[in-house]
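Enquirer: For reference, the file target15.txt (compact mmCIF, C-alpha atoms and all ligand atoms) is included below:
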```txt
# COMPACT_ATOMS: atom_id res chain seq x y z
CA MET A 1 -17.82 3.62 19.64
CA GLY A 2 -20.89 1.44 19.38
CA ALA A 3 -20.89 -1.97 17.74
CA LYS A 4 -21.80 -2.05 14.07
CA ASN A 5 -22.43 -4.70 11.47
CA ALA A 6 -19.24 -5.64 9.75
CA SER A 7 -18.89 -6.29 6.05
CA PRO A 8 -17.16 -9.51 4.94
CA MET A 9 -13.39 -9.72 5.26
CA LYS A 10 -11.63 -8.52 2.13
CA PHE A 11 -8.55 -10.17 0.67
CA ALA A 12 -5.53 -8.69 -1.09
CA HIS A 13 -2.39 -10.30 -2.45
CA TRP A 14 1.11 -8.94 -2.95
CA VAL A 15 1.92 -8.32 -6.60
CA SER A 16 5.18 -10.09 -7.43
CA SER A 17 6.85 -7.07 -9.04
CA ALA A 18 10.28 -7.51 -7.39
CA SER A 19 12.57 -10.46 -7.99
CA GLY A 20 13.20 -13.17 -5.42
CA GLY A 21 9.84 -13.77 -3.76
CA LEU A 22 8.59 -12.65 -0.35
CA VAL A 23 10.92 -14.60 1.92
CA VAL A 24 14.67 -14.17 2.03
CA SER A 25 15.42 -17.85 2.06
CA LYS A 26 17.12 -20.32 -0.21
CA VAL A 27 14.07 -22.60 -0.35
CA PRO A 28 12.55 -22.92 -3.83
CA GLN A 29 9.96 -20.20 -4.44
CA ARG A 30 7.82 -20.65 -7.52
CA THR A 31 7.38 -17.04 -8.52
CA ASP A 32 8.48 -14.55 -11.15
CA TRP A 33 8.64 -10.75 -11.25
CA GLY A 34 7.68 -10.45 -14.92
CA LEU A 35 4.47 -9.03 -16.34
CA GLU A 36 3.06 -12.22 -17.90
CA TYR A 37 3.43 -14.11 -14.63
CA ASN A 38 1.72 -11.28 -12.74
CA ILE A 39 -1.15 -10.98 -15.20
CA ARG A 40 -1.82 -14.68 -14.68
CA LEU A 41 -1.58 -14.18 -10.90
CA ALA A 42 -4.02 -11.25 -10.95
CA LYS A 43 -6.49 -13.21 -13.07
CA ILE A 44 -6.32 -16.18 -10.69
CA ALA A 45 -6.77 -13.81 -7.74
CA GLU A 46 -9.88 -12.14 -9.08
CA GLU A 47 -11.34 -15.48 -10.16
CA VAL A 48 -11.04 -16.93 -6.65
CA GLY A 49 -12.29 -13.99 -4.60
CA PHE A 50 -9.48 -11.49 -4.02
CA GLU A 51 -10.63 -7.87 -4.36
CA TYR A 52 -7.28 -6.08 -4.08
CA ALA A 53 -3.61 -6.46 -5.00
CA LEU A 54 -0.74 -4.35 -3.64
CA THR A 55 2.28 -3.30 -5.70
CA GLN A 56 5.31 -2.33 -3.63
CA ILE A 57 7.55 0.60 -4.51
CA ARG A 58 11.31 0.17 -4.47
CA PHE A 59 14.02 2.04 -6.29
CA MET A 60 16.86 -0.39 -5.71
CA GLY A 61 17.64 -3.86 -4.47
CA SER A 62 18.19 -4.32 -0.78
CA TYR A 63 17.37 -7.39 1.21
CA GLY A 64 16.74 -9.41 -1.91
CA ALA A 65 14.52 -7.87 -4.61
CA GLU A 66 17.50 -7.25 -6.87
CA TYR A 67 15.19 -6.25 -9.74
CA GLN A 68 12.04 -4.20 -9.18
CA HIS A 69 9.48 -2.90 -11.65
CA ASP A 70 8.08 0.58 -11.15
CA ALA A 71 4.94 0.34 -9.02
CA LEU A 72 2.74 2.76 -10.97
CA ILE A 73 3.56 1.48 -14.46
CA PHE A 74 3.26 -2.12 -13.34
CA SER A 75 -0.05 -1.52 -11.57
CA THR A 76 -1.61 0.10 -14.61
CA ALA A 77 -0.41 -2.77 -16.81
CA LEU A 78 -2.19 -5.18 -14.46
CA LEU A 79 -5.33 -3.02 -14.40
CA ALA A 80 -5.42 -3.25 -18.20
CA HIS A 81 -5.57 -7.05 -17.99
CA THR A 82 -8.10 -7.47 -15.18
CA GLU A 83 -11.80 -6.79 -14.72
CA THR A 84 -12.57 -6.44 -11.02
CA LEU A 85 -9.32 -6.36 -9.05
CA ASN A 86 -8.42 -3.05 -7.36
CA ILE A 87 -4.69 -2.41 -7.61
CA ILE A 88 -3.01 -0.43 -4.84
CA THR A 89 0.13 1.37 -6.00
CA GLY A 90 2.93 2.07 -3.52
CA ILE A 91 4.16 5.68 -3.70
CA LEU A 92 6.96 7.32 -1.69
CA PRO A 93 6.17 11.03 -1.14
CA GLY A 94 9.86 11.90 -0.88
CA MET A 95 10.31 10.92 -4.51
CA PHE A 96 7.23 12.55 -6.11
CA HIS A 97 5.31 15.80 -6.34
CA PRO A 98 1.74 15.18 -5.10
CA GLY A 99 0.25 17.11 -8.04
CA VAL A 100 1.94 14.70 -10.45
CA VAL A 101 0.65 11.68 -8.55
CA ALA A 102 -2.85 13.23 -8.35
CA LYS A 103 -2.73 13.50 -12.15
CA HIS A 104 -1.48 9.92 -12.63
CA GLY A 105 -4.11 8.63 -10.22
CA ALA A 106 -6.99 10.54 -11.82
CA THR A 107 -6.14 9.17 -15.26
CA ALA A 108 -5.65 5.60 -14.00
CA ASP A 109 -8.93 5.83 -12.11
CA GLN A 110 -10.82 7.12 -15.16
CA ILE A 111 -9.37 4.54 -17.54
CA PHE A 112 -9.76 1.59 -15.22
CA ASN A 113 -13.19 2.32 -13.81
CA GLY A 114 -12.32 3.33 -10.26
CA ARG A 115 -10.01 0.38 -9.58
CA TRP A 116 -6.83 2.36 -8.88
CA ALA A 117 -5.78 2.99 -5.26
CA ILE A 118 -2.64 4.35 -3.61
CA ASN A 119 -0.48 3.16 -0.71
CA VAL A 120 1.42 6.13 0.68
CA VAL A 121 4.60 4.73 2.23
CA SER A 122 6.78 7.11 4.16
CA GLY A 123 10.07 5.27 3.65
CA TRP A 124 12.64 3.25 5.57
CA CYS A 125 15.28 2.50 2.92
CA ARG A 126 17.68 5.39 3.30
CA ALA A 127 20.09 3.86 0.77
CA GLU A 128 17.74 4.58 -2.12
CA TYR A 129 17.43 8.23 -1.13
CA ASP A 130 21.20 8.59 -0.66
CA ALA A 131 21.93 6.91 -4.00
CA LEU A 132 19.54 9.23 -5.82
CA GLY A 133 20.64 12.34 -3.94
CA VAL A 134 17.16 12.91 -2.52
CA PRO A 135 17.26 14.41 1.00
CA TRP A 136 16.43 11.92 3.75
CA VAL A 137 14.35 13.54 6.48
CA GLU A 138 14.05 12.20 10.02
CA HIS A 139 11.38 9.73 11.02
CA ASP A 140 8.42 11.76 12.32
CA GLU A 141 9.06 14.51 9.80
CA ARG A 142 8.49 11.97 7.02
CA TYR A 143 4.91 11.69 8.27
CA VAL A 144 4.46 15.47 8.27
CA ARG A 145 5.44 15.33 4.60
CA SER A 146 3.22 12.32 3.86
CA GLN A 147 0.23 13.96 5.49
CA GLU A 148 0.68 17.06 3.32
CA PHE A 149 1.01 14.77 0.33
CA ILE A 150 -2.33 13.10 1.09
CA GLU A 151 -4.08 16.40 1.79
CA ILE A 152 -2.93 17.69 -1.58
CA LEU A 153 -4.10 14.51 -3.32
CA ARG A 154 -7.55 14.88 -1.79
CA GLY A 155 -7.71 18.59 -2.55
CA ALA A 156 -6.66 18.20 -6.17
CA TRP A 157 -9.06 15.28 -6.61
CA THR A 158 -12.11 17.05 -5.20
CA GLU A 159 -11.74 20.84 -5.59
CA ASP A 160 -11.38 23.31 -8.40
CA ASP A 161 -8.97 26.19 -8.01
CA PHE A 162 -7.28 24.31 -5.18
CA SER A 163 -4.63 26.04 -3.07
CA TYR A 164 -2.48 24.66 -0.28
CA ALA A 165 0.33 26.19 1.74
CA GLY A 166 2.35 23.42 3.32
CA LYS A 167 5.89 23.08 4.56
CA TYR A 168 6.85 20.83 1.66
CA TRP A 169 4.57 21.91 -1.18
CA LYS A 170 2.64 25.01 -2.18
CA ILE A 171 -0.27 24.74 -4.58
CA ASP A 172 -1.75 27.88 -6.09
CA GLY A 173 -5.21 27.74 -7.67
CA TYR A 174 -4.79 24.36 -9.36
CA THR A 175 -7.69 22.70 -11.18
CA LEU A 176 -7.21 19.07 -12.11
CA LYS A 177 -9.25 17.83 -15.08
CA PRO A 178 -10.36 15.14 -15.32
CA LYS A 179 -10.77 14.37 -11.68
CA PRO A 180 -11.04 10.73 -10.59
CA LEU A 181 -14.44 9.06 -10.84
CA VAL A 182 -16.90 9.78 -8.07
CA ILE A 183 -18.39 6.47 -6.98
CA PRO A 184 -21.05 6.19 -4.25
CA GLY A 185 -19.25 5.60 -0.95
CA ARG A 186 -15.88 6.33 -2.58
CA PRO A 187 -15.37 10.07 -3.01
CA THR A 188 -11.76 9.68 -4.23
CA PRO A 189 -9.47 6.76 -5.04
CA GLU A 190 -8.84 4.88 -1.81
CA ILE A 191 -5.81 6.00 0.17
CA PHE A 192 -3.88 3.30 2.02
CA GLN A 193 -0.80 3.92 4.13
CA GLY A 194 2.06 1.82 5.51
CA GLY A 195 4.05 2.31 8.73
CA ASN A 196 3.12 1.43 12.31
CA SER A 197 4.83 4.06 14.48
CA LEU A 198 2.80 6.52 16.52
CA ALA A 199 3.40 9.16 13.83
CA ALA A 200 1.98 6.72 11.28
CA GLN A 201 -1.02 6.03 13.50
CA ARG A 202 -1.74 9.72 13.98
CA MET A 203 -1.52 10.32 10.25
CA ALA A 204 -3.91 7.45 9.54
CA ALA A 205 -6.47 8.88 11.94
CA SER A 206 -6.20 12.29 10.28
CA VAL A 207 -6.13 11.56 6.55
CA SER A 208 -5.97 7.91 5.41
CA ASP A 209 -8.77 5.53 4.45
CA TRP A 210 -6.79 2.38 5.24
CA TYR A 211 -4.01 1.67 7.74
CA CYS A 212 -1.73 -1.26 6.76
CA MET A 213 -0.14 -3.29 9.53
CA ASN A 214 2.89 -5.54 9.39
CA GLY A 215 2.26 -9.12 10.50
CA ASN A 216 1.45 -9.32 14.21
CA THR A 217 -0.43 -11.17 16.95
CA PRO A 218 -4.16 -10.45 17.47
CA GLU A 219 -3.17 -8.38 20.54
CA GLY A 220 -0.62 -6.42 18.52
CA PHE A 221 -3.21 -5.66 15.83
CA LYS A 222 -5.84 -4.77 18.39
CA GLU A 223 -3.65 -2.22 20.12
CA GLN A 224 -3.13 -0.34 16.85
CA ILE A 225 -6.75 -0.66 15.73
CA ASN A 226 -8.04 0.67 19.02
CA TYR A 227 -5.67 3.62 19.13
CA VAL A 228 -6.16 4.68 15.51
CA THR A 229 -9.93 4.24 15.81
CA LYS A 230 -10.05 6.33 18.96
CA LEU A 231 -8.13 9.18 17.34
CA ALA A 232 -10.13 8.94 14.10
CA THR A 233 -13.48 8.89 15.90
CA ALA A 234 -12.56 12.10 17.72
CA LYS A 235 -12.09 13.66 14.28
CA GLY A 236 -15.35 12.22 12.95
CA ARG A 237 -13.48 9.86 10.62
CA THR A 238 -13.47 6.11 9.96
CA VAL A 239 -10.29 4.20 9.16
CA LYS A 240 -10.16 0.61 7.91
CA PHE A 241 -7.40 -1.86 8.70
CA VAL A 242 -5.22 -4.21 6.67
CA ALA A 243 -3.20 -7.02 8.30
CA ASN A 244 -0.26 -8.52 6.46
CA ALA A 245 0.21 -12.30 6.60
CA PHE A 246 2.50 -14.83 5.00
CA VAL A 247 0.08 -17.67 4.40
CA ILE A 248 1.13 -21.31 4.38
CA ALA A 249 -2.03 -23.36 3.86
CA ARG A 250 -1.59 -27.11 3.48
CA GLU A 251 -3.83 -30.17 3.85
CA THR A 252 -2.33 -30.93 7.26
CA GLU A 253 -0.90 -28.73 9.98
CA ALA A 254 2.28 -30.83 10.00
CA GLU A 255 2.89 -30.10 6.30
CA ALA A 256 2.34 -26.38 6.83
CA GLN A 257 4.68 -26.22 9.82
CA ALA A 258 7.31 -28.26 7.98
CA GLU A 259 7.19 -25.76 5.10
CA LEU A 260 7.67 -22.88 7.53
CA GLU A 261 10.65 -24.65 9.12
CA ARG A 262 12.21 -25.25 5.68
CA ILE A 263 11.91 -21.52 4.95
CA VAL A 264 13.50 -20.63 8.29
CA ARG A 265 16.32 -23.20 7.93
CA GLY A 266 17.10 -21.88 4.44
CA ALA A 267 17.21 -18.23 5.56
CA ASP A 268 19.86 -16.01 4.04
CA THR A 269 21.23 -14.92 7.41
CA GLU A 270 23.59 -12.29 6.04
CA ALA A 271 20.75 -10.57 4.16
CA VAL A 272 18.55 -10.75 7.27
CA GLU A 273 21.24 -9.03 9.35
CA ASN A 274 21.70 -6.30 6.71
CA PHE A 275 17.96 -5.73 6.69
CA ARG A 276 17.93 -5.47 10.49
CA ILE A 277 20.44 -2.63 10.20
CA ALA A 278 18.54 -0.85 7.40
CA VAL A 279 15.20 -0.90 9.20
CA LYS A 280 16.60 0.96 12.19
CA GLU A 281 15.48 3.98 10.14
CA ALA A 282 11.87 2.86 10.65
CA GLY A 283 10.00 2.67 13.99
CA GLN A 284 13.21 2.56 16.06
CA ALA A 285 14.10 6.02 14.77
CA SER A 286 10.79 7.52 15.88
CA LYS A 287 10.56 9.62 19.06
CA GLU A 288 8.99 6.77 21.02
CA GLY A 289 11.07 4.01 19.42
CA LYS A 290 7.88 2.20 18.39
CA GLY A 291 6.68 0.96 15.03
CA MET A 292 7.57 -1.47 12.30
CA TRP A 293 10.31 -4.04 12.92
CA VAL A 294 11.08 -2.76 16.44
CA LYS A 295 10.26 -6.10 18.04
CA SER A 296 11.09 -8.34 15.07
CA THR A 297 13.36 -11.35 15.66
CA SER A 298 15.71 -12.68 12.97
CA ARG A 299 13.13 -15.35 12.25
CA ASP A 300 10.41 -12.72 11.76
CA LEU A 301 12.57 -10.70 9.37
CA ILE A 302 12.91 -13.60 6.92
CA GLN A 303 9.54 -12.36 5.67
CA TYR A 304 10.14 -8.67 5.31
CA ASN A 305 6.72 -7.58 6.53
CA ASP A 306 6.73 -9.84 9.62
CA GLY A 307 4.19 -12.07 7.89
CA PHE A 308 4.85 -15.21 9.97
CA ASN A 309 3.60 -13.45 13.11
CA THR A 310 0.00 -13.41 11.91
CA ASN A 311 0.14 -17.20 12.14
CA LEU A 312 -1.89 -18.08 9.06
CA VAL A 313 0.05 -21.33 8.88
CA GLY A 314 -1.96 -24.56 9.03
CA THR A 315 -4.95 -26.24 7.43
CA PRO A 316 -7.62 -24.25 5.56
CA GLU A 317 -9.95 -24.72 8.54
CA GLN A 318 -7.40 -23.40 11.06
CA ILE A 319 -6.54 -20.44 8.88
CA ALA A 320 -10.18 -19.55 8.22
CA LEU A 321 -10.91 -19.54 11.94
CA ARG A 322 -7.95 -17.27 12.67
CA ILE A 323 -9.05 -14.90 9.91
CA TYR A 324 -12.54 -14.84 11.39
CA GLU A 325 -11.03 -13.93 14.76
CA LEU A 326 -9.12 -11.08 13.08
CA ARG A 327 -12.37 -9.84 11.56
CA LYS A 328 -13.89 -9.76 15.02
CA ILE A 329 -11.17 -7.49 16.38
CA GLY A 330 -11.62 -5.04 13.50
CA VAL A 331 -9.28 -6.16 10.71
CA ASP A 332 -11.04 -5.35 7.41
CA MET A 333 -8.60 -6.87 4.94
CA VAL A 334 -5.94 -9.57 4.98
CA LEU A 335 -2.96 -8.92 2.72
CA CYS A 336 -1.61 -12.33 1.71
CA GLY A 337 1.89 -13.31 0.70
CA PHE A 338 2.66 -16.80 -0.55
CA LEU A 339 5.71 -18.94 -1.27
CA HIS A 340 4.46 -20.28 -4.61
CA PHE A 341 2.27 -17.43 -5.81
CA HIS A 342 0.06 -18.94 -8.52
CA GLU A 343 -0.88 -22.23 -6.97
CA GLU A 344 -1.16 -20.95 -3.42
CA THR A 345 -3.30 -17.96 -4.39
CA ARG A 346 -5.70 -20.40 -6.05
CA PHE A 347 -5.60 -22.82 -3.11
CA PHE A 348 -6.30 -20.00 -0.66
CA GLY A 349 -9.18 -18.66 -2.74
CA GLU A 350 -10.75 -22.04 -3.32
CA ARG A 351 -10.20 -23.59 0.10
CA VAL A 352 -9.86 -20.82 2.70
CA ILE A 353 -12.07 -17.92 1.55
CA PRO A 354 -15.24 -20.10 1.31
CA LEU A 355 -14.69 -21.26 4.91
CA VAL A 356 -14.34 -17.66 6.07
CA ARG A 357 -17.61 -16.86 4.28
CA GLU A 358 -19.31 -19.80 6.03
CA LEU A 359 -18.15 -18.56 9.42
CA GLU A 360 -19.33 -15.05 8.60
CA ARG A 361 -22.75 -16.37 7.55
CA ALA A 362 -23.11 -18.67 10.55
CA ALA A 363 -22.55 -15.91 13.07
CA PRO A 364 -23.33 -12.51 11.54
CA MET A 365 -20.68 -10.45 13.10
CA LYS A 366 -20.90 -7.35 15.14
CA ARG A 367 -17.66 -5.56 15.12
CA GLN A 368 -16.54 -5.46 18.72
CA ALA A 369 -17.12 -2.22 20.53
CA ILE A 370 -13.85 -0.41 20.50
CA ALA A 371 -13.00 1.20 23.78
C1 LIG A 401 1.71 -3.44 3.99
C2 LIG A 401 2.88 -2.51 3.92
C3 LIG A 401 3.42 -2.20 2.67
C4 LIG A 401 4.52 -1.37 2.56
N1 LIG A 401 5.04 -1.12 1.31
C5 LIG A 401 6.17 -0.38 1.19
C6 LIG A 401 6.74 -0.14 -0.10
O1 LIG A 401 6.21 -0.59 -1.12
N2 LIG A 401 7.89 0.59 -0.16
C7 LIG A 401 8.48 1.12 0.95
O2 LIG A 401 9.52 1.76 0.83
N3 LIG A 401 7.93 0.93 2.19
C8 LIG A 401 6.81 0.21 2.32
N4 LIG A 401 6.25 0.02 3.58
C9 LIG A 401 6.94 0.65 4.73
C10 LIG A 401 6.20 1.78 5.42
O3 LIG A 401 5.51 2.58 4.58
C11 LIG A 401 7.04 2.67 6.34
O4 LIG A 401 7.76 3.57 5.59
C12 LIG A 401 8.01 1.98 7.20
O5 LIG A 401 7.53 0.80 7.60
C13 LIG A 401 8.32 2.74 8.48
O6 LIG A 401 7.20 2.70 9.29
P1 LIG A 401 7.14 3.13 10.82
O7 LIG A 401 8.49 3.56 11.19
O8 LIG A 401 6.12 4.21 10.87
O9 LIG A 401 6.66 1.91 11.57
C14 LIG A 401 5.11 -0.81 3.72
C15 LIG A 401 4.54 -1.10 4.96
C16 LIG A 401 3.43 -1.94 5.08
C17 LIG A 401 2.87 -2.23 6.44
```
Any chance you could put this one into structure tokens?
Expert:
Amino acid sequence: MGAKNASPMKFAHWVSSASGGLVVSKVPQRTDWGLEYNIRLAKIAEEVGFEYALTQIRFMGSYGAEYQHDALIFSTALLAHTETLNIITGILPGMFHPGVVAKHGATADQIFNGRWAINVVSGWCRAEYDALGVPWVEHDERYVRSQEFIEILRGAWTEDDFSYAGKYWKIDGYTLKPKPLVIPGRPTPEIFQGGNSLAAQRMAASVSDWYCMNGNTPEGFKEQINYVTKLATAKGRTVKFVANAFVIARETEAEAQAELERIVRGADTEAVENFRIAVKEAGQASKEGKGMWVKSTSRDLIQYNDGFNTNLVGTPEQIALRIYELRKIGVDMVLCGFLHFHEETRFFGERVIPLVRELERAAPMKRQAIA
């Protein structure tokens, strides 16, 4: 693939819709899972330059997060209180009919001016399926189901009299009205996906707009970006990439590292070990034994999306440079988690994003040719 001009790095933040914060540690975390707190957070985020927010989907507590608001309802409540932020709603295909989600998404998109997006997550938490009596299917099969789910979303969103004969769902001459808004360059609401196994990568290349990656090293990101891009290019498609990071930005590197060490020292080790067992259903259960959490150490798992590994821990200058490096290898969006959501979202937006913009202006970037 030839080099091409890259657009500026985009920034997303985790919505705080589950209790307990984003690290399983006894350190103080100034956060709250309520609506008022999250409206304030979303308003701060859009004021300081974030374009997206991601709402996770969970049906029960596990590894912290004892209380969790429903992702779709919570996302639409936030959309009602914001002006520019795009809210990405986590959806588990095993729990929903795609026609119902297509309907929800079309209405949310119409009402909120094209700011609704979806994150199709294929599932790792078997306990929630078992508790609800919903069949748990094996790893790679979950991606067969998710791919059908996405194909049905796209079909219902773009075609009249839409039919589909899949293994999991059959659609017979369905016409969705209203459809989502059609915006130049955005034919349907944007479709994100989670999961980093080979099955997840193949699905991204085939049907997703965005591929979300757990925290990783630049080499770890690059490997996934190159592989997904290669598969997508062969299909005439383009996929964009999101990198998760737990950001600790402080005036000095020593302060940032000390905060990280406090989080690690305060880790709830029993919860971490339970999580390690639960996530064996993820990448480790795939045919190749690759994917999310396969290589995670206990320290990594304190942040449940491996966010420390992205190493956005340091001064604003250090973090901005590392983000710029990520942009160069093809990361299109950084998904940020913070310890103290309100104040750190503002600090990041006011102190880090402008530095990233300066770097982008100083050296207009060509996205590296991807082999
Ligand atoms: C950024 C990101 C967000 C995710 N959000 C959720 C979520 O809200 N709920 C959920 O059950 N899984 C979530 N996942 C998990 C994945 O969708 C996937 O089911 C799991 O990691 C297994 O992936 P793998 O085995 O393909 O690597 C998320 C993953 C990523 C990378």
Enquirer: Near region 112-120 of chain A, within 6 Å and counting all atoms listed in the file, which residues show up once chain neighbours fewer than 2 positions away are dropped, as a PDB file with C-alpha atoms, in the frame of the given file?
Expert:
```
ATOM      1  CA  ASN A  86      -8.420  -3.050  -7.360  1.00  0.00           C
ATOM      2  CA  ILE A  87      -4.690  -2.410  -7.610  1.00  0.00           C
ATOM      3  CA  ILE A  88      -3.010  -0.430  -4.840  1.00  0.00           C
ATOM      4  CA  THR A  89       0.130   1.370  -6.000  1.00  0.00           C
ATOM      5  CA  GLY A  90       2.930   2.070  -3.520  1.00  0.00           C
ATOM      6  CA  ILE A  91       4.160   5.680  -3.700  1.00  0.00           C
ATOM      7  CA  ALA A 108      -5.650   5.600 -14.000  1.00  0.00           C
ATOM      8  CA  ASP A 109      -8.930   5.830 -12.110  1.00  0.00           C
ATOM      9  CA  GLN A 110     -10.820   7.120 -15.160  1.00  0.00           C
ATOM     10  CA  PRO A 189      -9.470   6.760  -5.040  1.00  0.00           C
ATOM     11  CA  GLU A 190      -8.840   4.880  -1.810  1.00  0.00           C
ATOM     12  CA  ILE A 191      -5.810   6.000   0.170  1.00  0.00           C
ATOM     13  CA  PHE A 192      -3.880   3.300   2.020  1.00  0.00           C
ATOM     14  CA  GLN A 193      -0.800   3.920   4.130  1.00  0.00           C
TER      15      GLN A 193
END
```
Enquirer: Using all atoms listed in the file, pick whichever of A:Glu36, A:Glu83, A:Glu281, A:Glu151 has the shortest atom-to-atom distance to ligand LIG 401 (chain A).
Expert: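 Closest candidate: A:Glu281.
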Enquirer: Given all atoms listed in the file, how would the per-residue table for chain A near ligand LIG 401 (chain A) read, listing every residue at most 9 Å away with its closest atom pair and distance in Å to one decimal, sorted by chain and number, as a tab-separated table?
Expert:
```
residue	atom	partner	partner_atom	distance
A:Trp14	CA	A:LIG401	C1	8.9
A:Leu54	CA	A:LIG401	C3	7.9
A:Thr55	CA	A:LIG401	O1	6.6
A:Gln56	CA	A:LIG401	O1	3.2
A:Ile57	CA	A:LIG401	O1	3.8
A:Arg58	CA	A:LIG401	N2	5.5
A:Phe59	CA	A:LIG401	O2	8.4
A:Ala71	CA	A:LIG401	O1	8.1
A:Thr89	CA	A:LIG401	O1	8.0
A:Gly90	CA	A:LIG401	O1	4.9
A:Ile91	CA	A:LIG401	O1	7.1
A:Leu92	CA	A:LIG401	O2	6.6
A:Asn119	CA	A:LIG401	N1	7.3
A:Val120	CA	A:LIG401	O3	6.7
A:Val121	CA	A:LIG401	O3	3.3
A:Ser122	CA	A:LIG401	O4	3.9
A:Gly123	CA	A:LIG401	O4	3.5
A:Trp124	CA	A:LIG401	O4	4.9
A:Cys125	CA	A:LIG401	O2	6.2
A:His139	CA	A:LIG401	O7	6.8
A:Asp140	CA	A:LIG401	O8	8.0
A:Arg142	CA	A:LIG401	O4	8.6
A:Tyr143	CA	A:LIG401	O8	8.0
A:Phe192	CA	A:LIG401	C1	9.0
A:Gln193	CA	A:LIG401	O3	6.5
A:Gly194	CA	A:LIG401	O3	3.7
A:Gly195	CA	A:LIG401	O6	3.2
A:Asn196	CA	A:LIG401	O9	3.6
A:Ser197	CA	A:LIG401	O8	3.8
A:Leu198	CA	A:LIG401	O8	6.9
A:Ala199	CA	A:LIG401	O8	6.4
A:Ala200	CA	A:LIG401	O8	4.9
A:Gln201	CA	A:LIG401	O8	7.8
A:Tyr211	CA	A:LIG401	C17	8.0
A:Cys212	CA	A:LIG401	C17	4.7
A:Met213	CA	A:LIG401	C17	4.4
A:Asn214	CA	A:LIG401	C17	4.4
A:Gly215	CA	A:LIG401	C17	8.0
A:Val242	CA	A:LIG401	C1	7.5
A:Ala243	CA	A:LIG401	C1	7.4
A:Asn244	CA	A:LIG401	C1	6.0
A:Val279	CA	A:LIG401	C13	7.8
A:Lys280	CA	A:LIG401	O7	8.6
A:Glu281	CA	A:LIG401	O7	7.1
A:Ala282	CA	A:LIG401	O7	3.5
A:Gly283	CA	A:LIG401	O7	3.3
A:Gln284	CA	A:LIG401	O7	6.9
A:Ala285	CA	A:LIG401	O7	7.1
A:Ser286	CA	A:LIG401	O7	6.6
A:Gly289	CA	A:LIG401	O7	8.6
A:Lys290	CA	A:LIG401	O9	6.9
A:Gly291	CA	A:LIG401	O9	3.6
A:Met292	CA	A:LIG401	O9	3.6
A:Trp293	CA	A:LIG401	O9	7.1
A:Val294	CA	A:LIG401	O9	8.1
A:Asn305	CA	A:LIG401	C17	6.6
A:Leu335	CA	A:LIG401	C1	7.3
```
Enquirer: Those selected residues, please, written with C-alpha atoms and delivered as a short mmCIF file (atom, residue, chain, number, x, y, z; two decimals), keeping the file's coordinate frame.
Expert:
```cif
data_model
loop_
_atom_site.label_atom_id
_atom_site.label_comp_id
_atom_site.auth_asym_id
_atom_site.auth_seq_id
_atom_site.Cartn_x
_atom_site.Cartn_y
_atom_site.Cartn_z
CA TRP A 14 1.11 -8.94 -2.95
CA LEU A 54 -0.74 -4.35 -3.64
CA THR A 55 2.28 -3.30 -5.70
CA GLN A 56 5.31 -2.33 -3.63
CA ILE A 57 7.55 0.60 -4.51
CA ARG A 58 11.31 0.17 -4.47
CA PHE A 59 14.02 2.04 -6.29
CA ALA A 71 4.94 0.34 -9.02
CA THR A 89 0.13 1.37 -6.00
CA GLY A 90 2.93 2.07 -3.52
CA ILE A 91 4.16 5.68 -3.70
CA LEU A 92 6.96 7.32 -1.69
CA ASN A 119 -0.48 3.16 -0.71
CA VAL A 120 1.42 6.13 0.68
CA VAL A 121 4.60 4.73 2.23
CA SER A 122 6.78 7.11 4.16
CA GLY A 123 10.07 5.27 3.65
CA TRP A 124 12.64 3.25 5.57
CA CYS A 125 15.28 2.50 2.92
CA HIS A 139 11.38 9.73 11.02
CA ASP A 140 8.42 11.76 12.32
CA ARG A 142 8.49 11.97 7.02
CA TYR A 143 4.91 11.69 8.27
CA PHE A 192 -3.88 3.30 2.02
CA GLN A 193 -0.80 3.92 4.13
CA GLY A 194 2.06 1.82 5.51
CA GLY A 195 4.05 2.31 8.73
CA ASN A 196 3.12 1.43 12.31
CA SER A 197 4.83 4.06 14.48
CA LEU A 198 2.80 6.52 16.52
CA ALA A 199 3.40 9.16 13.83
CA ALA A 200 1.98 6.72 11.28
CA GLN A 201 -1.02 6.03 13.50
CA TYR A 211 -4.01 1.67 7.74
CA CYS A 212 -1.73 -1.26 6.76
CA MET A 213 -0.14 -3.29 9.53
CA ASN A 214 2.89 -5.54 9.39
CA GLY A 215 2.26 -9.12 10.50
CA VAL A 242 -5.22 -4.21 6.67
CA ALA A 243 -3.20 -7.02 8.30
CA ASN A 244 -0.26 -8.52 6.46
CA VAL A 279 15.20 -0.90 9.20
CA LYS A 280 16.60 0.96 12.19
CA GLU A 281 15.48 3.98 10.14
CA ALA A 282 11.87 2.86 10.65
CA GLY A 283 10.00 2.67 13.99
CA GLN A 284 13.21 2.56 16.06
CA ALA A 285 14.10 6.02 14.77
CA SER A 286 10.79 7.52 15.88
CA GLY A 289 11.07 4.01 19.42
CA LYS A 290 7.88 2.20 18.39
CA GLY A 291 6.68 0.96 15.03
CA MET A 292 7.57 -1.47 12.30
CA TRP A 293 10.31 -4.04 12.92
CA VAL A 294 11.08 -2.76 16.44
CA ASN A 305 6.72 -7.58 6.53
CA LEU A 335 -2.96 -8.92 2.72
#
```
Enquirer: Closest to Arg265 (chain A) among A:Ala18, A:Val23, A:Ile183, A:Ala362, using only C-alpha atoms?
Expert: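 Closest residue, counting only C-alpha atoms: A:Val23.
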Enquirer: Give me, please, the distance in Å between CA of Asn38 (chain A) and CA of Phe338 (chain A), quoted to one decimal.
Expert: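 If I compute the distance from CA of Asn38 (chain A) to CA of Phe338 (chain A), I get 13.4 Å.
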Enquirer: Record the distance separating CA of Phe341 (chain A) and CA of Ile44 (chain A), expressed in Å with one decimal.
Expert: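 Result for CA of Phe341 (chain A) versus CA of Ile44 (chain A): 10.0 Å, one decimal.
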